[in-house]
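work_38.tsv follows; it contains TSV, C-alpha atoms and all ligand atoms.
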```
chain	number	residue	atom	x	y	z
A	1	MET	CA	-37.92	-67.93	15.45
A	2	ASN	CA	-38.14	-69.38	18.92
A	3	MET	CA	-40.83	-71.76	20.14
A	4	ASN	CA	-42.77	-69.03	21.89
A	5	GLU	CA	-42.99	-66.90	18.74
A	6	ARG	CA	-44.03	-69.92	16.70
A	7	VAL	CA	-46.78	-70.78	19.16
A	8	MET	CA	-48.06	-67.20	19.24
A	9	ASN	CA	-48.21	-67.13	15.44
A	10	ILE	CA	-50.12	-70.41	15.39
A	11	ILE	CA	-52.57	-69.17	18.04
A	12	ASP	CA	-53.18	-65.94	16.08
A	13	ALA	CA	-53.67	-67.77	12.79
A	14	LEU	CA	-56.10	-70.29	14.27
A	15	GLU	CA	-58.05	-67.47	15.95
A	16	ARG	CA	-58.36	-65.71	12.59
A	17	LEU	CA	-59.36	-68.91	10.82
A	18	TYR	CA	-61.86	-70.22	13.36
A	19	PRO	CA	-63.05	-67.26	15.44
A	20	ASP	CA	-66.20	-69.03	16.61
A	21	ALA	CA	-64.73	-72.48	17.29
A	22	LYS	CA	-66.69	-74.35	19.93
A	23	CYS	CA	-67.45	-77.87	20.99
A	24	SER	CA	-69.36	-79.65	18.24
A	25	LEU	CA	-71.39	-81.73	20.71
A	26	GLU	CA	-74.85	-80.28	21.22
A	27	TYR	CA	-75.96	-79.67	24.82
A	28	LYS	CA	-78.04	-77.33	26.91
A	29	SER	CA	-76.70	-78.13	30.38
A	30	ALA	CA	-73.64	-79.43	32.20
A	31	LEU	CA	-75.31	-82.83	32.55
A	32	GLU	CA	-76.00	-83.04	28.82
A	33	LEU	CA	-72.37	-82.19	27.97
A	34	LEU	CA	-71.11	-84.70	30.52
A	35	VAL	CA	-73.25	-87.47	29.03
A	36	ALA	CA	-72.49	-86.46	25.42
A	37	THR	CA	-68.72	-86.55	25.95
A	38	GLN	CA	-68.99	-90.03	27.43
A	39	LEU	CA	-71.00	-91.15	24.41
A	40	ALA	CA	-68.43	-89.55	22.08
A	41	ALA	CA	-65.70	-92.04	23.02
A	42	GLN	CA	-64.89	-93.99	19.83
A	43	CYS	CA	-67.81	-92.29	18.08
A	44	THR	CA	-68.24	-89.17	15.94
A	45	ASP	CA	-69.76	-86.04	17.46
A	46	ALA	CA	-72.28	-85.98	14.58
A	47	ARG	CA	-73.61	-89.41	15.51
A	48	VAL	CA	-73.71	-88.53	19.20
A	49	ASN	CA	-75.76	-85.43	18.36
A	50	ILE	CA	-78.33	-87.57	16.55
A	51	VAL	CA	-78.61	-89.97	19.50
A	52	THR	CA	-78.80	-87.25	22.17
A	53	GLN	CA	-81.62	-85.42	20.38
A	54	SER	CA	-84.10	-88.05	21.53
A	55	LEU	CA	-82.10	-89.18	24.58
A	56	TYR	CA	-82.36	-85.81	26.30
A	57	LYS	CA	-86.12	-85.71	25.76
A	58	LYS	CA	-86.43	-88.99	27.62
A	59	TYR	CA	-83.78	-88.49	30.34
A	60	LYS	CA	-83.83	-84.95	31.69
A	61	THR	CA	-82.08	-85.20	35.06
A	62	ALA	CA	-79.29	-87.10	36.77
A	63	GLU	CA	-82.03	-89.08	38.56
A	64	ASP	CA	-83.54	-90.10	35.23
A	65	PHE	CA	-80.21	-91.57	34.10
A	66	ALA	CA	-79.35	-93.07	37.51
A	67	ASN	CA	-82.72	-94.85	37.73
A	68	ALA	CA	-82.86	-95.89	34.09
A	69	ASP	CA	-83.37	-99.52	33.21
A	70	SER	CA	-79.90	-100.64	32.07
A	71	LYS	CA	-81.10	-102.56	29.02
A	72	GLU	CA	-83.34	-99.72	27.92
A	73	LEU	CA	-80.56	-97.16	28.29
A	74	GLU	CA	-78.22	-99.45	26.35
A	75	GLU	CA	-80.74	-99.61	23.50
A	76	ASP	CA	-81.16	-95.83	23.57
A	77	ILE	CA	-77.41	-95.19	23.14
A	78	LYS	CA	-76.56	-98.25	21.02
A	79	PRO	CA	-75.62	-96.36	17.81
A	80	THR	CA	-72.69	-94.72	19.64
A	81	GLY	CA	-70.97	-98.10	20.19
A	82	PHE	CA	-69.57	-99.66	23.37
A	83	TYR	CA	-73.09	-99.11	24.71
A	84	HIS	CA	-72.88	-101.65	27.54
A	85	ASN	CA	-69.97	-99.89	29.25
A	86	LYS	CA	-71.21	-96.43	28.38
A	87	ALA	CA	-74.66	-97.12	29.89
A	88	LYS	CA	-73.07	-98.53	33.05
A	89	ASN	CA	-70.74	-95.55	33.41
A	90	ILE	CA	-73.48	-92.97	32.75
A	91	LYS	CA	-75.74	-94.57	35.37
A	92	ASN	CA	-72.94	-94.80	37.96
A	93	CYS	CA	-71.72	-91.30	37.14
A	94	CYS	CA	-75.22	-89.88	37.73
A	95	LYS	CA	-75.60	-91.90	40.94
A	96	MET	CA	-72.39	-90.36	42.26
A	97	ILE	CA	-73.50	-86.86	41.25
A	98	ILE	CA	-76.68	-87.38	43.30
A	99	ASP	CA	-75.10	-89.16	46.29
A	100	GLU	CA	-71.85	-87.23	46.65
A	101	PHE	CA	-72.32	-83.90	44.92
A	102	ASN	CA	-75.90	-82.97	45.89
A	103	GLY	CA	-77.09	-83.48	42.34
A	104	GLN	CA	-74.70	-80.82	40.99
A	105	ILE	CA	-71.99	-81.43	38.39
A	106	PRO	CA	-68.72	-80.77	40.24
A	107	ASN	CA	-66.66	-77.81	39.06
A	108	SER	CA	-63.14	-78.97	39.87
A	109	LEU	CA	-60.87	-81.28	37.91
A	110	GLU	CA	-60.24	-83.38	41.00
A	111	ASP	CA	-63.95	-84.03	41.62
A	112	LEU	CA	-64.88	-84.49	37.97
A	113	LEU	CA	-62.21	-87.19	37.70
A	114	LYS	CA	-63.91	-89.13	40.52
A	115	LEU	CA	-66.98	-89.67	38.33
A	116	PRO	CA	-67.18	-93.08	36.62
A	117	GLY	CA	-66.43	-92.85	32.90
A	118	VAL	CA	-64.96	-89.36	33.17
A	119	GLY	CA	-61.35	-89.01	32.07
A	120	ARG	CA	-59.19	-85.92	31.72
A	121	LYS	CA	-60.55	-85.08	28.26
A	122	THR	CA	-64.17	-85.00	29.45
A	123	ALA	CA	-63.29	-83.26	32.72
A	124	ASN	CA	-61.32	-80.51	30.98
A	125	LEU	CA	-64.04	-80.01	28.38
A	126	VAL	CA	-66.71	-79.59	31.07
A	127	LEU	CA	-64.46	-77.27	33.08
A	128	GLY	CA	-63.80	-75.03	30.09
A	129	ASP	CA	-67.17	-75.00	28.38
A	130	ILE	CA	-69.49	-75.06	31.41
A	131	PHE	CA	-67.55	-73.42	34.22
A	132	GLY	CA	-65.21	-71.14	32.26
A	133	VAL	CA	-62.21	-72.74	33.96
A	134	PRO	CA	-59.39	-73.13	31.41
A	135	GLY	CA	-58.72	-76.75	30.49
A	136	VAL	CA	-56.58	-78.41	27.82
A	137	VAL	CA	-58.72	-80.97	26.00
A	138	VAL	CA	-56.64	-83.58	24.19
A	139	ASP	CA	-58.90	-85.49	21.84
A	140	THR	CA	-57.79	-87.42	18.77
A	141	HIS	CA	-57.47	-84.25	16.63
A	142	ALA	CA	-55.59	-82.23	19.26
A	143	LYS	CA	-53.25	-85.16	19.82
A	144	ARG	CA	-52.49	-85.55	16.11
A	145	LEU	CA	-51.99	-81.85	15.49
A	146	ALA	CA	-49.88	-81.26	18.61
A	147	ASN	CA	-47.55	-84.01	17.36
A	148	ARG	CA	-47.44	-82.85	13.74
A	149	ILE	CA	-47.00	-79.17	14.49
A	150	GLY	CA	-44.27	-80.04	16.98
A	151	LEU	CA	-45.92	-78.84	20.17
A	152	SER	CA	-45.47	-82.22	21.82
A	153	SER	CA	-43.49	-85.32	20.92
A	154	SER	CA	-45.49	-87.56	23.23
A	155	THR	CA	-48.24	-89.97	22.23
A	156	ASP	CA	-49.66	-89.99	25.78
A	157	PRO	CA	-52.63	-87.55	26.03
A	158	ALA	CA	-51.77	-86.70	29.65
A	159	LYS	CA	-48.22	-85.67	28.64
A	160	ILE	CA	-49.50	-83.77	25.59
A	161	GLU	CA	-51.87	-81.92	27.96
A	162	LEU	CA	-48.91	-80.89	30.12
A	163	ASP	CA	-46.84	-79.82	27.09
A	164	LEU	CA	-49.69	-77.65	25.79
A	165	MET	CA	-50.28	-76.17	29.24
A	166	LYS	CA	-46.68	-74.96	29.25
A	167	LEU	CA	-46.82	-73.50	25.74
A	168	ILE	CA	-50.30	-71.94	25.51
A	169	PRO	CA	-51.40	-68.99	27.68
A	170	LYS	CA	-53.83	-70.31	30.27
A	171	GLU	CA	-56.80	-68.18	29.24
A	172	LYS	CA	-56.55	-69.68	25.74
A	173	TRP	CA	-56.36	-73.36	26.69
A	174	SER	CA	-59.99	-74.24	25.97
A	175	SER	CA	-60.41	-72.17	22.79
A	176	PHE	CA	-57.04	-73.28	21.38
A	177	CYS	CA	-58.03	-76.93	21.69
A	178	HIS	CA	-61.40	-76.31	20.00
A	179	ARG	CA	-59.50	-74.62	17.15
A	180	LEU	CA	-57.09	-77.54	16.81
A	181	VAL	CA	-60.13	-79.78	16.33
A	182	TYR	CA	-61.53	-77.49	13.63
A	183	HIS	CA	-58.17	-77.37	11.84
A	184	GLY	CA	-57.81	-81.13	12.14
A	185	ARG	CA	-61.19	-81.67	10.51
A	186	ALA	CA	-60.76	-79.02	7.80
A	187	VAL	CA	-57.09	-79.23	6.78
A	188	CYS	CA	-54.78	-81.40	8.86
A	189	LYS	CA	-56.83	-84.55	8.35
A	190	ALA	CA	-55.61	-87.83	9.76
A	191	ARG	CA	-55.05	-89.62	6.44
A	192	LYS	CA	-54.86	-86.70	4.03
A	193	PRO	CA	-53.26	-83.60	5.50
A	194	GLU	CA	-53.53	-80.70	3.04
A	195	CYS	CA	-50.28	-78.90	3.86
A	196	HIS	CA	-50.31	-76.93	0.59
A	197	LYS	CA	-53.29	-74.90	1.78
A	198	CYS	CA	-52.48	-74.92	5.49
A	199	GLU	CA	-52.27	-71.45	6.96
A	200	ILE	CA	-50.06	-72.49	9.85
A	201	ARG	CA	-47.71	-74.37	7.57
A	202	LYS	CA	-44.70	-72.12	8.04
A	203	TRP	CA	-44.70	-72.77	11.78
A	204	CYS	CA	-45.33	-76.52	11.52
A	205	GLU	CA	-42.57	-79.09	11.95
A	206	ARG	CA	-44.24	-81.53	9.55
A	207	ARG	CA	-45.13	-79.01	6.87
A	208	ASN	CA	-44.20	-81.46	4.10
A	209	LEU	CA	-46.28	-84.28	5.51
A	210	GLU	CA	-48.70	-84.15	2.57
A	211	ILE	CA	-45.88	-85.02	0.14
A	212	ASN	CA	-44.57	-87.72	2.43
A	213	VAL	CA	-47.92	-89.53	2.78
A	214	GLU	CA	-48.63	-89.52	-0.98
A	301	LIG	S1	-48.59	-78.05	7.58
A	301	LIG	FE1	-49.51	-80.08	7.18
A	301	LIG	S2	-48.98	-81.30	8.98
A	301	LIG	FE2	-48.67	-79.15	9.55
A	301	LIG	S3	-50.61	-78.50	10.51
A	301	LIG	FE3	-50.70	-77.97	8.34
A	301	LIG	S4	-51.73	-79.72	7.35
A	301	LIG	FE4	-51.00	-80.40	9.37
```

Translate this file's structure into structure tokens.
Ligand code: SF4
Amino acid sequence: MNMNERVMNIIDALERLYPDAKCSLEYKSALELLVATQLAAQCTDARVNIVTQSLYKKYKTAEDFANADSKELEEDIKPTGFYHNKAKNIKNCCKMIIDEFNGQIPNSLEDLLKLPGVGRKTANLVLGDIFGVPGVVVDTHAKRLANRIGLSSSTDPAKIELDLMKLIPKEKWSSFCHRLVYHGRAVCKARKPECHKCEIRKWCERRNLEINVE
């Protein structure tokens, strides 16, 4: 079986397994997703969702974040960790959205990457989930699974992104990455991969990983 057939089988299986896969961060607008993904760095989505529940009642617009008192914003996002840098980036990011993008979240990768605190992962997530522009989102789960399955041998997220872009049909980039996250949480866990019950096992390069880590 060639690589293309393997990849197609994996895509089909993941679509069957996780038909409704979506971003697990809760948001109601582009701004909320942009802020949530910045808060999610080195933090679980579940914890971010708890913090943003009250955060988004207090800060509703880019102006609210841009004009926030730094110390107060830091306190508001403290449970997500690295709160000093995150507060600074969120404020500066919102300032730039107001000053350079007329208060609108930009809809191109190039412009999103200009925003303070926004890396390729966040930019691609916003592109895919808000603007419907396909983007490959390489988070910690996608990175681990891409390596284990054999879709990329790189440890650099930017290179993994390029490898996946070549292998996955463009219209499936965003949904495929969401499904990798689901599979990483449910089966191909970081410390305890459960290969024996993995439904993409036969197309995975590390299908015996479970035995090897025991
Ligand atoms: S076979 Fe094992 S290593 Fe491969 S994707 Fe499944 S759980 Fe992960």

Next on the checklist: Show me which residues line ligand LIG 301 (chain A), defined as having an atom within 9 Å of a ligand atom where only C-alpha atoms and all ligand atoms count, and present them as a ChimeraX atom specification.
Outcome noted: /A:144-150,183-184,187-190,192-210

Those residues with C-alpha atoms, as a short mmCIF file (atom, residue, chain, number, x, y, z; two decimals), in the coordinates of the input please?
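Output contents, as saved in part.cif:
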```
data_model
loop_
_atom_site.label_atom_id
_atom_site.label_comp_id
_atom_site.auth_asym_id
_atom_site.auth_seq_id
_atom_site.Cartn_x
_atom_site.Cartn_y
_atom_site.Cartn_z
CA ARG A 144 -52.49 -85.55 16.11
CA LEU A 145 -51.99 -81.85 15.49
CA ALA A 146 -49.88 -81.26 18.61
CA ASN A 147 -47.55 -84.01 17.36
CA ARG A 148 -47.44 -82.85 13.74
CA ILE A 149 -47.00 -79.17 14.49
CA GLY A 150 -44.27 -80.04 16.98
CA HIS A 183 -58.17 -77.37 11.84
CA GLY A 184 -57.81 -81.13 12.14
CA VAL A 187 -57.09 -79.23 6.78
CA CYS A 188 -54.78 -81.40 8.86
CA LYS A 189 -56.83 -84.55 8.35
CA ALA A 190 -55.61 -87.83 9.76
CA LYS A 192 -54.86 -86.70 4.03
CA PRO A 193 -53.26 -83.60 5.50
CA GLU A 194 -53.53 -80.70 3.04
CA CYS A 195 -50.28 -78.90 3.86
CA HIS A 196 -50.31 -76.93 0.59
CA LYS A 197 -53.29 -74.90 1.78
CA CYS A 198 -52.48 -74.92 5.49
CA GLU A 199 -52.27 -71.45 6.96
CA ILE A 200 -50.06 -72.49 9.85
CA ARG A 201 -47.71 -74.37 7.57
CA LYS A 202 -44.70 -72.12 8.04
CA TRP A 203 -44.70 -72.77 11.78
CA CYS A 204 -45.33 -76.52 11.52
CA GLU A 205 -42.57 -79.09 11.95
CA ARG A 206 -44.24 -81.53 9.55
CA ARG A 207 -45.13 -79.01 6.87
CA ASN A 208 -44.20 -81.46 4.10
CA LEU A 209 -46.28 -84.28 5.51
CA GLU A 210 -48.70 -84.15 2.57
#
```

Item to check | Polymer residues at most 6 Å from Val137 of chain A, all atoms listed in the file, same-chain spacing of 2 or more positions, as number ranges by chain | outcome: A: 121, 124-125, 177

Skip segment 10-27 of chain A itself and residues of its chain fewer than 5 positions away, then list as a tab-separated table (two decimals) with C-alpha atoms, in the coordinates of the input all residues within 10 Å of it, counting all atoms listed in the file.
```tsv
chain	number	residue	atom	x	y	z
A	4	ASN	CA	-42.77	-69.03	21.89
A	5	GLU	CA	-42.99	-66.90	18.74
A	32	GLU	CA	-76.00	-83.04	28.82
A	33	LEU	CA	-72.37	-82.19	27.97
A	34	LEU	CA	-71.11	-84.70	30.52
A	35	VAL	CA	-73.25	-87.47	29.03
A	36	ALA	CA	-72.49	-86.46	25.42
A	37	THR	CA	-68.72	-86.55	25.95
A	40	ALA	CA	-68.43	-89.55	22.08
A	44	THR	CA	-68.24	-89.17	15.94
A	45	ASP	CA	-69.76	-86.04	17.46
A	46	ALA	CA	-72.28	-85.98	14.58
A	47	ARG	CA	-73.61	-89.41	15.51
A	48	VAL	CA	-73.71	-88.53	19.20
A	49	ASN	CA	-75.76	-85.43	18.36
A	50	ILE	CA	-78.33	-87.57	16.55
A	52	THR	CA	-78.80	-87.25	22.17
A	53	GLN	CA	-81.62	-85.42	20.38
A	56	TYR	CA	-82.36	-85.81	26.30
A	125	LEU	CA	-64.04	-80.01	28.38
A	129	ASP	CA	-67.17	-75.00	28.38
A	149	ILE	CA	-47.00	-79.17	14.49
A	168	ILE	CA	-50.30	-71.94	25.51
A	169	PRO	CA	-51.40	-68.99	27.68
A	172	LYS	CA	-56.55	-69.68	25.74
A	174	SER	CA	-59.99	-74.24	25.97
A	175	SER	CA	-60.41	-72.17	22.79
A	176	PHE	CA	-57.04	-73.28	21.38
A	177	CYS	CA	-58.03	-76.93	21.69
A	178	HIS	CA	-61.40	-76.31	20.00
A	179	ARG	CA	-59.50	-74.62	17.15
A	180	LEU	CA	-57.09	-77.54	16.81
A	181	VAL	CA	-60.13	-79.78	16.33
A	182	TYR	CA	-61.53	-77.49	13.63
A	183	HIS	CA	-58.17	-77.37	11.84
A	199	GLU	CA	-52.27	-71.45	6.96
A	200	ILE	CA	-50.06	-72.49	9.85
A	201	ARG	CA	-47.71	-74.37	7.57
A	202	LYS	CA	-44.70	-72.12	8.04
A	203	TRP	CA	-44.70	-72.77	11.78
A	204	CYS	CA	-45.33	-76.52	11.52
```

Checklist outcome for this item: Using all atoms listed in the file, the best pick from A:Asn102, A:Ser153, A:Thr80, A:Asn89 as closest to Gln42 of chain A would be A:Thr80

Next on the checklist: Taking 2 positions as the minimum chain separation for residues in the same chain, which residues sit within 7 Å of Val138 of chain A when counting only C-alpha atoms? Answer as a ChimeraX atom specification.
Outcome noted: /A:121,136,140,142-143,157,161

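Atom CA of Asp163 of chain A lies 25.1 Å from atom CA of Leu115 of chain A.
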
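Our summary of the geometry notes that atom CA of Ser70 of chain A is positioned 22.4 Å from atom CA of Phe101 of chain A.
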